[in-house]
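Source file: model.tsv (TSV, C-alpha atoms and all ligand atoms)
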```tsv
chain	number	residue	atom	x	y	z
Z	1141	MET	CA	100.96	96.36	48.44
Z	1142	SER	CA	104.43	96.70	49.96
Z	1143	ALA	CA	107.42	95.19	48.18
Z	1144	PRO	CA	108.09	91.56	49.12
Z	1145	GLN	CA	111.62	90.14	49.23
Z	1146	THR	CA	112.20	88.63	45.83
Z	1147	THR	CA	115.30	86.66	46.67
Z	1148	THR	CA	114.44	84.91	49.95
Z	1149	VAL	CA	114.30	81.15	49.52
Z	1150	ALA	CA	111.50	79.61	51.57
Z	1151	GLU	CA	112.21	76.33	53.33
Z	1152	ASP	CA	111.63	74.13	50.38
Z	1153	ASN	CA	110.41	70.82	51.71
Z	1154	SER	CA	107.73	70.43	49.09
Z	1155	ALA	CA	110.02	70.00	46.05
Z	1156	PRO	CA	109.31	66.55	44.63
Z	1157	PRO	CA	112.27	64.17	45.15
Z	1158	TRP	CA	112.68	63.43	41.42
Z	1159	THR	CA	113.50	67.10	40.76
Z	1160	LYS	CA	116.71	66.58	42.73
Z	1161	LEU	CA	118.04	63.74	40.52
Z	1162	LYS	CA	119.56	66.11	37.93
Z	1163	SER	CA	120.77	63.34	35.66
Z	1164	SER	CA	120.91	63.56	31.89
Z	1165	ASP	CA	119.85	59.87	31.88
Z	1166	LEU	CA	116.35	60.82	32.99
Z	1167	PRO	CA	113.67	60.25	30.34
Z	1168	TRP	CA	112.78	63.93	30.61
Z	1169	TYR	CA	116.18	65.27	29.53
Z	1170	THR	CA	117.24	66.25	26.05
Z	1171	ASP	CA	119.76	68.62	24.49
Z	1172	ASP	CA	117.49	69.25	21.52
Z	1173	VAL	CA	116.21	72.82	21.75
Z	1174	GLU	CA	115.03	73.18	18.14
Z	1175	GLY	CA	112.23	70.61	18.39
Z	1176	GLN	CA	110.51	72.77	21.00
Z	1177	LEU	CA	111.39	76.19	19.58
Z	1178	SER	CA	108.57	77.37	17.33
Z	1179	PRO	CA	109.29	80.11	14.76
Z	1180	SER	CA	107.19	82.58	16.76
Z	1181	ILE	CA	109.03	81.90	20.03
Z	1182	ARG	CA	112.37	82.14	18.19
Z	1183	ALA	CA	111.26	85.48	16.75
Z	1184	GLN	CA	110.36	86.64	20.24
Z	1185	PHE	CA	113.90	85.86	21.45
Z	1186	GLU	CA	115.34	87.80	18.52
Z	1187	THR	CA	113.08	90.84	18.80
Z	1188	TYR	CA	111.57	91.20	22.30
Z	1189	SER	CA	114.69	89.77	24.00
Z	1190	ALA	CA	117.19	91.16	21.45
Z	1191	ILE	CA	119.27	87.96	21.43
Z	1192	PRO	CA	121.37	87.71	18.23
Z	1193	ALA	CA	119.90	85.02	15.96
Z	1194	ASP	CA	122.97	82.80	16.10
Z	1195	ASP	CA	123.08	83.00	19.90
Z	1196	VAL	CA	119.42	82.07	20.55
Z	1197	ILE	CA	120.07	78.33	20.94
Z	1198	PRO	CA	123.32	78.66	22.97
Z	1199	HIS	CA	121.64	81.30	25.15
Z	1200	ILE	CA	118.66	79.03	25.88
Z	1201	ARG	CA	121.02	76.12	26.63
Z	1202	ARG	CA	123.05	78.23	29.07
Z	1203	VAL	CA	120.02	79.33	31.06
Z	1204	ARG	CA	118.55	75.83	30.96
Z	1205	ALA	CA	121.78	74.47	32.51
Z	1206	THR	CA	121.31	76.81	35.45
Z	1207	LEU	CA	117.63	75.89	35.80
Z	1208	TRP	CA	118.39	72.13	35.65
Z	1209	ASN	CA	120.99	72.55	38.36
Z	1210	ILE	CA	118.37	74.09	40.61
Z	1211	ARG	CA	115.57	71.57	39.99
Z	1212	ALA	CA	115.34	68.81	37.38
Z	1213	TYR	CA	111.75	69.39	36.32
Z	1214	PRO	CA	110.51	67.69	33.13
Z	1215	CYS	CA	109.54	71.07	31.65
Z	1216	THR	CA	113.16	72.14	32.15
Z	1217	GLY	CA	114.80	68.98	30.84
Z	1218	LEU	CA	112.58	68.95	27.75
Z	1219	PHE	CA	112.68	72.73	27.05
Z	1220	VAL	CA	108.89	72.78	27.38
Z	1221	PHE	CA	109.27	76.05	29.31
Z	1222	LEU	CA	109.82	77.68	25.90
Z	1223	THR	CA	106.10	77.19	25.26
Z	1224	PRO	CA	103.82	79.18	27.57
Z	1225	PHE	CA	100.81	76.96	28.16
Z	1226	VAL	CA	98.55	79.86	29.09
Z	1227	ALA	CA	98.71	81.11	25.49
Z	1228	SER	CA	96.90	77.96	24.33
Z	1229	HIS	CA	94.31	77.71	27.11
Z	1230	SER	CA	90.81	77.87	25.62
Z	1231	ALA	CA	89.56	80.24	28.35
Z	1232	LEU	CA	92.31	82.82	27.80
Z	1233	PRO	CA	90.25	85.34	25.75
Z	1234	ARG	CA	87.44	85.25	28.35
Z	1235	ILE	CA	89.92	85.62	31.20
Z	1236	VAL	CA	91.79	88.52	29.59
Z	1237	SER	CA	88.59	90.47	29.00
Z	1238	TYR	CA	87.49	89.77	32.58
Z	1239	VAL	CA	90.77	91.16	33.97
Z	1240	GLN	CA	90.55	94.17	31.67
Z	1241	THR	CA	86.97	94.89	32.76
Z	1242	VAL	CA	87.09	94.37	36.51
Z	1243	PRO	CA	88.37	97.44	38.45
Z	1244	ASP	CA	92.10	97.11	39.27
Z	1245	GLY	CA	92.12	93.50	37.96
Z	1246	LYS	CA	94.84	91.23	39.32
Z	1247	VAL	CA	96.21	87.90	38.13
Z	1248	LEU	CA	98.41	85.46	40.06
Z	1249	ASP	CA	100.50	82.65	38.55
Z	1250	VAL	CA	101.05	79.93	41.18
Z	1251	GLY	CA	104.22	77.94	40.47
Z	1252	CYS	CA	105.17	80.73	38.07
Z	1253	TYR	CA	108.71	79.36	37.54
Z	1254	ILE	CA	110.59	81.72	35.18
Z	1255	GLY	CA	107.48	83.79	34.45
Z	1256	HIS	CA	106.98	82.68	30.85
Z	1257	ASP	CA	103.21	82.48	31.36
Z	1258	LEU	CA	103.22	85.92	33.03
Z	1259	ARG	CA	104.87	87.35	29.92
Z	1260	ALA	CA	102.38	85.51	27.69
Z	1261	LEU	CA	99.54	87.00	29.71
Z	1262	GLN	CA	100.99	90.45	29.09
Z	1263	PHE	CA	101.33	89.74	25.37
Z	1264	ALA	CA	97.65	88.66	25.43
Z	1265	GLY	CA	96.54	92.00	26.86
Z	1266	VAL	CA	96.81	91.78	30.67
Z	1267	PRO	CA	98.47	94.96	31.99
Z	1268	GLN	CA	101.93	94.29	33.43
Z	1269	GLY	CA	100.97	95.89	36.74
Z	1270	ALA	CA	98.20	93.30	37.17
Z	1271	LEU	CA	100.61	90.36	37.09
Z	1272	HIS	CA	101.70	88.53	40.26
Z	1273	GLY	CA	103.75	85.39	40.75
Z	1274	LEU	CA	104.34	82.86	43.51
Z	1275	ASP	CA	106.84	80.01	43.60
Z	1276	VAL	CA	108.78	78.01	46.20
Z	1277	LEU	CA	111.97	79.20	44.53
Z	1278	PRO	CA	112.67	82.60	42.93
Z	1279	PHE	CA	113.04	81.25	39.39
Z	1280	TRP	CA	111.95	84.64	38.04
Z	1281	GLU	CA	115.62	85.68	38.36
Z	1282	GLN	CA	116.49	83.16	35.62
Z	1283	GLY	CA	113.43	84.40	33.71
Z	1284	TRP	CA	114.94	87.87	33.47
Z	1285	GLU	CA	118.16	86.29	32.22
Z	1286	LEU	CA	116.40	84.08	29.68
Z	1287	PHE	CA	114.15	86.80	28.29
Z	1288	ASN	CA	116.72	89.59	28.74
Z	1289	ASP	CA	113.98	91.94	29.96
Z	1290	ARG	CA	114.79	92.94	33.53
Z	1291	GLU	CA	114.29	96.60	32.64
Z	1292	LYS	CA	111.01	96.24	30.80
Z	1293	PHE	CA	109.33	93.37	32.66
Z	1294	ASP	CA	109.06	94.83	36.11
Z	1295	LEU	CA	107.58	92.50	38.73
Z	1296	SER	CA	108.92	94.33	41.77
Z	1297	GLY	CA	106.59	93.97	44.70
Z	1298	ARG	CA	104.51	91.39	42.87
Z	1299	VAL	CA	106.51	88.14	43.04
Z	1300	VAL	CA	106.76	86.20	46.24
Z	1301	VAL	CA	108.44	83.03	47.45
Z	1302	GLY	CA	105.78	80.82	48.97
Z	1303	ASP	CA	104.27	77.36	49.11
Z	1304	VAL	CA	100.86	76.55	47.67
Z	1305	LEU	CA	100.38	74.09	50.54
Z	1306	ASP	CA	101.01	76.73	53.20
Z	1307	PHE	CA	98.00	78.44	54.79
Z	1308	SER	CA	99.82	80.24	57.59
Z	1309	ALA	CA	98.33	83.70	57.97
Z	1310	GLY	CA	101.66	85.35	58.75
Z	1311	SER	CA	103.41	84.28	55.56
Z	1312	GLU	CA	104.43	86.88	53.03
Z	1313	ALA	CA	102.26	85.16	50.41
Z	1314	SER	CA	99.19	85.30	52.65
Z	1315	ARG	CA	99.73	88.95	53.50
Z	1316	LEU	CA	100.28	90.02	49.93
Z	1317	LEU	CA	98.00	87.79	47.94
Z	1318	ASP	CA	95.13	86.33	49.95
Z	1319	GLY	CA	91.71	87.55	48.86
Z	1320	ARG	CA	93.20	89.96	46.30
Z	1321	MET	CA	93.25	88.07	43.01
Z	1322	ASP	CA	90.59	88.18	40.28
Z	1323	VAL	CA	92.26	85.35	38.42
Z	1324	VAL	CA	94.59	82.59	39.58
Z	1325	TRP	CA	96.52	80.60	36.97
Z	1326	SER	CA	98.41	77.42	37.80
Z	1327	SER	CA	100.04	75.13	35.29
Z	1328	ALA	CA	102.00	71.89	35.80
Z	1329	VAL	CA	101.92	72.14	39.59
Z	1330	LEU	CA	98.93	70.15	40.88
Z	1331	HIS	CA	100.05	66.92	39.19
Z	1332	GLN	CA	103.11	66.67	41.44
Z	1333	PHE	CA	100.97	66.00	44.54
Z	1334	ALA	CA	99.05	63.00	45.89
Z	1335	TRP	CA	95.24	63.41	46.08
Z	1336	ASP	CA	95.06	64.85	49.62
Z	1337	LYS	CA	97.67	67.49	48.88
Z	1338	GLN	CA	95.90	68.33	45.63
Z	1339	VAL	CA	92.78	69.07	47.69
Z	1340	VAL	CA	94.83	71.34	49.97
Z	1341	ALA	CA	96.48	73.07	46.98
Z	1342	CYS	CA	93.15	73.70	45.23
Z	1343	LYS	CA	91.71	75.19	48.42
Z	1344	ARG	CA	94.79	77.39	48.62
Z	1345	LEU	CA	94.31	78.54	45.00
Z	1346	LEU	CA	90.77	79.61	45.93
Z	1347	ARG	CA	92.05	81.45	49.03
Z	1348	TYR	CA	94.10	83.84	46.84
Z	1349	THR	CA	90.95	84.94	44.99
Z	1350	LYS	CA	88.47	87.69	45.74
Z	1351	GLY	CA	85.73	85.04	45.82
Z	1352	ARG	CA	82.53	85.19	43.79
Z	1353	GLY	CA	83.14	86.04	40.12
Z	1354	SER	CA	86.85	85.17	40.26
Z	1355	PHE	CA	88.49	82.47	38.17
Z	1356	VAL	CA	91.01	79.73	38.81
Z	1357	PHE	CA	92.32	78.23	35.60
Z	1358	GLY	CA	95.25	76.12	34.51
Z	1359	CYS	CA	96.40	72.73	33.36
Z	1360	LEU	CA	98.15	69.57	34.48
Z	1361	ALA	CA	99.33	66.32	32.96
Z	1362	GLY	CA	96.49	63.80	32.91
Z	1363	SER	CA	95.22	60.60	31.37
Z	1364	CYS	CA	92.52	60.01	28.75
Z	1365	LYS	CA	92.07	56.48	30.09
Z	1366	ALA	CA	92.22	56.05	33.84
Z	1367	ALA	CA	93.10	57.89	37.02
Z	1368	GLY	CA	95.67	56.38	39.39
Z	1369	ASP	CA	99.19	56.88	40.69
Z	1370	ILE	CA	101.98	58.27	38.54
Z	1371	GLU	CA	104.66	55.64	39.09
Z	1372	MET	CA	107.72	57.77	39.70
Z	1373	GLU	CA	109.92	54.85	40.80
Z	1374	ARG	CA	109.36	53.14	37.43
Z	1375	MET	CA	109.75	56.37	35.48
Z	1376	THR	CA	113.02	57.24	37.16
Z	1377	GLY	CA	114.43	53.70	36.77
Z	1378	GLY	CA	114.48	53.34	40.55
Z	1379	GLY	CA	116.02	56.80	41.04
Z	1380	VAL	CA	113.31	57.61	43.57
Z	1381	LYS	CA	111.75	54.99	45.80
Z	1382	ARG	CA	108.01	54.46	45.83
Z	1383	ALA	CA	106.58	56.75	48.47
Z	1384	GLU	CA	103.73	59.20	48.22
Z	1385	GLU	CA	103.04	58.98	44.48
Z	1386	PRO	CA	101.50	61.91	42.61
Z	1387	PHE	CA	97.88	61.29	41.66
Z	1388	LYS	CA	97.24	61.07	37.93
Z	1389	HIS	CA	93.82	62.38	36.97
Z	1390	ASP	CA	91.45	61.70	34.17
Z	1391	LYS	CA	88.68	64.19	33.39
Z	1392	GLU	CA	86.20	62.53	35.74
Z	1393	SER	CA	88.53	62.29	38.74
Z	1394	PHE	CA	89.65	65.88	38.36
Z	1395	GLU	CA	86.05	67.09	38.28
Z	1396	ARG	CA	85.44	64.96	41.38
Z	1397	LEU	CA	88.42	66.56	43.11
Z	1398	TRP	CA	87.02	70.04	42.52
Z	1399	GLY	CA	83.64	68.79	43.79
Z	1400	VAL	CA	85.29	67.75	47.08
Z	1401	VAL	CA	87.13	71.08	47.27
Z	1402	GLY	CA	83.96	73.11	46.64
Z	1403	GLU	CA	82.08	71.23	49.35
Z	1404	GLU	CA	84.86	71.54	51.90
Z	1405	VAL	CA	85.25	75.30	51.40
Z	1406	GLY	CA	81.51	75.91	51.01
Z	1407	MET	CA	81.85	77.65	47.64
Z	1408	GLY	CA	79.80	77.24	44.49
Z	1409	LEU	CA	82.19	76.31	41.71
Z	1410	GLU	CA	81.48	76.04	38.00
Z	1411	VAL	CA	84.10	73.59	36.79
Z	1412	GLU	CA	85.06	72.84	33.19
Z	1413	VAL	CA	87.70	70.19	32.50
Z	1414	ARG	CA	88.93	69.12	29.04
Z	1415	TRP	CA	91.43	66.42	28.11
Z	1416	THR	CA	93.74	67.60	25.32
Z	1417	GLU	CA	96.78	66.33	23.44
Z	1418	TRP	CA	100.31	67.64	24.08
Z	1419	GLY	CA	100.36	68.94	20.51
Z	1420	ASP	CA	97.39	71.22	21.29
Z	1421	TRP	CA	99.75	73.18	23.55
Z	1422	GLY	CA	102.64	73.52	21.12
Z	1423	CYS	CA	104.53	70.63	22.71
Z	1424	GLU	CA	106.51	68.24	20.57
Z	1425	VAL	CA	104.52	65.06	21.24
Z	1426	GLU	CA	107.49	62.66	21.41
Z	1427	ARG	CA	108.95	64.66	24.29
Z	1428	ALA	CA	106.07	63.79	26.55
Z	1429	ARG	CA	105.82	60.11	25.55
Z	1430	PHE	CA	107.85	58.97	28.58
Z	1431	MET	CA	104.73	59.55	30.70
Z	1432	GLY	CA	102.72	57.00	28.71
Z	1433	GLU	CA	100.56	56.84	25.57
Z	1434	ASP	CA	97.43	57.74	27.53
Z	1435	MET	CA	98.88	60.97	28.87
Z	1436	GLY	CA	98.04	64.46	27.72
Z	1437	VAL	CA	97.00	67.74	29.29
Z	1438	LEU	CA	93.92	68.34	31.42
Z	1439	GLU	CA	92.80	71.92	30.98
Z	1440	PHE	CA	90.59	73.38	33.70
Z	1441	THR	CA	88.58	76.53	34.26
Z	1442	VAL	CA	86.85	77.11	37.59
Z	1443	ARG	CA	84.52	80.05	38.20
Z	1444	ILE	CA	83.45	80.90	41.71
Z	1445	VAL	CA	79.69	81.53	41.64
Z	1501	LIG	C1	106.88	71.84	36.54
Z	1501	LIG	S1	107.19	73.49	36.97
Z	1501	LIG	C2	105.88	74.30	36.07
Z	1501	LIG	C3	106.22	75.72	35.78
Z	1501	LIG	C4	105.17	76.51	35.00
Z	1501	LIG	N1	103.99	76.77	35.80
Z	1501	LIG	C5	104.82	75.83	33.71
Z	1501	LIG	O1	103.66	75.48	33.49
Z	1501	LIG	O2	105.72	75.65	32.90
Z	1501	LIG	C6	106.54	73.54	38.62
Z	1501	LIG	C7	106.76	74.87	39.30
Z	1501	LIG	O3	106.03	74.88	40.52
Z	1501	LIG	C8	106.87	75.29	41.57
Z	1501	LIG	N2	106.41	74.63	42.78
Z	1501	LIG	C9	106.63	73.35	43.14
Z	1501	LIG	N3	106.06	73.09	44.33
Z	1501	LIG	C10	105.45	74.24	44.72
Z	1501	LIG	C11	104.73	74.61	45.86
Z	1501	LIG	N4	104.50	73.74	46.83
Z	1501	LIG	N5	104.26	75.88	45.95
Z	1501	LIG	C12	104.51	76.78	44.96
Z	1501	LIG	N6	105.22	76.48	43.85
Z	1501	LIG	C13	105.68	75.23	43.73
Z	1501	LIG	C14	108.26	74.85	41.17
Z	1501	LIG	O4	109.27	75.56	41.83
Z	1501	LIG	C15	108.22	75.12	39.66
Z	1501	LIG	O5	108.57	76.43	39.36
```

For the file at hand, write its structure as structure tokens.
Ligand SMILES: C[S@@+](CC[C@H](N)C(=O)[O-])C[C@H]1O[C@@H](n2cnc3c(N)ncnc32)[C@H](O)[C@@H]1O
Amino acid sequence: MSAPQTTTVAEDNSAPPWTKLKSSDLPWYTDDVEGQLSPSIRAQFETYSAIPADDVIPHIRRVRATLWNIRAYPCTGLFVFLTPFVASHSALPRIVSYVQTVPDGKVLDVGCYIGHDLRALQFAGVPQGALHGLDVLPFWEQGWELFNDREKFDLSGRVVVGDVLDFSAGSEASRLLDGRMDVVWSSAVLHQFAWDKQVVACKRLLRYTKGRGSFVFGCLAGSCKAAGDIEMERMTGGGVKRAEEPFKHDKESFERLWGVVGEEVGMGLEVEVRWTEWGDWGCEVERARFMGEDMGVLEFTVRIV
């Protein structure tokens, strides 16, 4: 694989409009780091990242300010990026042993953001050289700053700016990633799209894989009660106007979505979906309340058979 440009910014017309609001009045903004900083993640900043103990919180706040200025994602405003979701996914042990067993195993994180899940995958036993990332913006630069590990967490040639809705064969992402991945991980990305775009994105996730035997796994915000639209106009206090609302899944609708995807691409898919609570992922529950009492995390594991 030749080295992709790691700093090119793709034309970014897929960023959801609410990520451009950047206001501290948003319900997904807080200055409280401590509530989301577990003792083990703090220890990781002090040891792996060699940040002096009394600078851990200011350091995290500084990098978060940069991230918020780029895109006002809820995971940024709430410091949820401190908690790598992949570490709590129930399929992780099975996935790690699959990657370790398959010859030259490769893993791709789609919407990899600062690469916190990529690092967690390494800590869980995936070789660093197996790790790949894709994002519409090169947030991995801020990841090196946050984790202070540019020298020891080398992603050169394996991170690429790209769009999960883009199928064009000539794109850097297509050339470097298509048909090459044993495992594709994607967390907190699918829930930003309306149903039709979710179908496109799931097909795209499958396109990165080697096909039969490979896995796509991840998570997204979802409801334990009912599927429907996520009302972004209400949630942003009118900050964004009602347009193409993201589709909020429950377990049943998300299984149905993968059923549609499998049929349209002509692939056999074994799909497992579980509804879980925010707390199951190390998230401070009150932080996520703004989405609604019914909301939690839908965990999914898809095996191509
Ligand atoms: C809410 S953040 C989630 C980050 C991380 N995966 C996590 O679970 O914490 C969404 C990420 O997806 C990226 N993203 C948004 N739209 C995308 C697209 N169309 N294609 C690829 N990445 C996208 C954003 O830039 C951002 O890094």

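Between CA of Arg1204 (chain Z) and CA of Asp1420 (chain Z) there is a distance of 23.7 Å.
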
* Asked: Residues at most 9 Å from ligand LIG 1501 (chain Z), using all atoms listed in the file? Could they come as a PyMOL selection string?
  -> chain Z and resi 1152-1156+1211+1213-1216+1220-1226+1249-1257+1274-1280+1301-1306+1325-1333+1341+1358-1360

* **Nearby residues (all atoms listed in the file) at most 9 Å from Met1431 (chain Z), same-chain spacing under 5 positions excluded, as a VMD selection string** => chain Z and resid 1167 1361 1370 1375 1436

* Asked: Could you name the residues that touch Ile1197 (chain Z) at 10 Å or less, counting all atoms listed in the file, but leaving out those on the same chain fewer than 2 positions away, as a list in words?
  -> Asp1172, Val1173, Glu1174, Leu1177, Arg1182, Phe1185, Ile1191, Pro1192, Ala1193, Asp1194, Asp1195, His1199, Ile1200, Arg1201 and Arg1202 of chain Z

Selection above as a file: C-alpha atoms, as a CSV table (one decimal), in the coordinates of the input:
```csv
chain,number,residue,atom,x,y,z
Z,1172,ASP,CA,117.5,69.2,21.5
Z,1173,VAL,CA,116.2,72.8,21.8
Z,1174,GLU,CA,115.0,73.2,18.1
Z,1177,LEU,CA,111.4,76.2,19.6
Z,1182,ARG,CA,112.4,82.1,18.2
Z,1185,PHE,CA,113.9,85.9,21.4
Z,1191,ILE,CA,119.3,88.0,21.4
Z,1192,PRO,CA,121.4,87.7,18.2
Z,1193,ALA,CA,119.9,85.0,16.0
Z,1194,ASP,CA,123.0,82.8,16.1
Z,1195,ASP,CA,123.1,83.0,19.9
Z,1199,HIS,CA,121.6,81.3,25.2
Z,1200,ILE,CA,118.7,79.0,25.9
Z,1201,ARG,CA,121.0,76.1,26.6
Z,1202,ARG,CA,123.0,78.2,29.1
```

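The gap separating CA of Gln1268 (chain Z) from CA of Val1300 (chain Z) is 15.9 Å, in Å to one decimal.
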
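Put simply, CA of Gly1432 (chain Z) is 14.7 Å away from CA of Trp1415 (chain Z).
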
As JSON: centre and edge lengths in Å, one decimal, of the axis-aligned box holding region 1202-1213 of chain Z with 8 Å per side:
```
{"center_x": 117.4, "center_y": 74.1, "center_z": 34.8, "size_x": 27.3, "size_y": 26.5, "size_z": 27.5}
```

Taking (107.8, 58.3, 29.2) in the file's coordinates, which residues come within 10 Å, counting all atoms listed in the file, written as a PDB file with C-alpha atoms, keeping the file's coordinate frame?
```pdb
ATOM      1  CA  LEU Z1166     116.350  60.820  32.990  1.00  0.00           C
ATOM      2  CA  PRO Z1167     113.670  60.250  30.340  1.00  0.00           C
ATOM      3  CA  TRP Z1168     112.780  63.930  30.610  1.00  0.00           C
ATOM      4  CA  ARG Z1374     109.360  53.140  37.430  1.00  0.00           C
ATOM      5  CA  MET Z1375     109.750  56.370  35.480  1.00  0.00           C
ATOM      6  CA  THR Z1376     113.020  57.240  37.160  1.00  0.00           C
ATOM      7  CA  GLU Z1426     107.490  62.660  21.410  1.00  0.00           C
ATOM      8  CA  ARG Z1427     108.950  64.660  24.290  1.00  0.00           C
ATOM      9  CA  ALA Z1428     106.070  63.790  26.550  1.00  0.00           C
ATOM     10  CA  ARG Z1429     105.820  60.110  25.550  1.00  0.00           C
ATOM     11  CA  PHE Z1430     107.850  58.970  28.580  1.00  0.00           C
ATOM     12  CA  MET Z1431     104.730  59.550  30.700  1.00  0.00           C
ATOM     13  CA  GLY Z1432     102.720  57.000  28.710  1.00  0.00           C
ATOM     14  CA  GLU Z1433     100.560  56.840  25.570  1.00  0.00           C
ATOM     15  CA  MET Z1435      98.880  60.970  28.870  1.00  0.00           C
TER      16      MET Z1435
END
```

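For the residues Z:Val1401, Z:Ala1264, Z:Val1242, Z:Leu1161, ranking by smallest atom-to-atom distance to Gly1217 (chain Z) using only C-alpha atoms places Z:Leu1161 first.
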
* Distance criterion (all atoms listed in the file): nearest to Trp1208 (chain Z) out of Z:Phe1287, Z:Ser1164, Z:Val1323, Z:Thr1241 -> Z:Ser1164

Step by step: start from the point (76.0, 78.5, 46.2) in the file's coordinates, keep every protein, DNA or RNA residue that has an atom no farther than 12 Å from it, count all atoms listed in the file, and write the set as a JSON list (two decimals) with C-alpha atoms, keeping the file's coordinate frame.
```json
[["chain", "number", "residue", "atom", "x", "y", "z"],
["Z", 1351, "GLY", "CA", 85.73, 85.04, 45.82],
["Z", 1352, "ARG", "CA", 82.53, 85.19, 43.79],
["Z", 1402, "GLY", "CA", 83.96, 73.11, 46.64],
["Z", 1403, "GLU", "CA", 82.08, 71.23, 49.35],
["Z", 1405, "VAL", "CA", 85.25, 75.30, 51.40],
["Z", 1406, "GLY", "CA", 81.51, 75.91, 51.01],
["Z", 1407, "MET", "CA", 81.85, 77.65, 47.64],
["Z", 1408, "GLY", "CA", 79.80, 77.24, 44.49],
["Z", 1409, "LEU", "CA", 82.19, 76.31, 41.71],
["Z", 1410, "GLU", "CA", 81.48, 76.04, 38.00],
["Z", 1443, "ARG", "CA", 84.52, 80.05, 38.20],
["Z", 1444, "ILE", "CA", 83.45, 80.90, 41.71],
["Z", 1445, "VAL", "CA", 79.69, 81.53, 41.64]]
```

* Structure fact -> Among Z:Val1437, Z:Ala1212, Z:Ala1227, Z:Val1339, Ile1181 (chain Z) is approached most closely, using all atoms listed in the file, by Z:Ala1227

* To do: For each of Z:Asp1322, Z:Pro1386, Z:Leu1346, Z:Ala1270, take the minimum atom-to-atom distance to Val1299 (chain Z), counting only C-alpha atoms, then give the residue where this is smallest.
  => Z:Ala1270

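Of the listed residues Z:Glu1404, Z:Asp1434, Z:Glu1186, Z:Asp1244, the one whose atoms come nearest to Val1340 (chain Z) is Z:Glu1404, with distances taken using all atoms listed in the file.
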
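Considering the residues Z:Leu1261, Z:Leu1317, Z:Cys1364, Z:Leu1345 and counting all atoms listed in the file, Thr1416 (chain Z) has its shortest atom-to-atom contact with Z:Cys1364.
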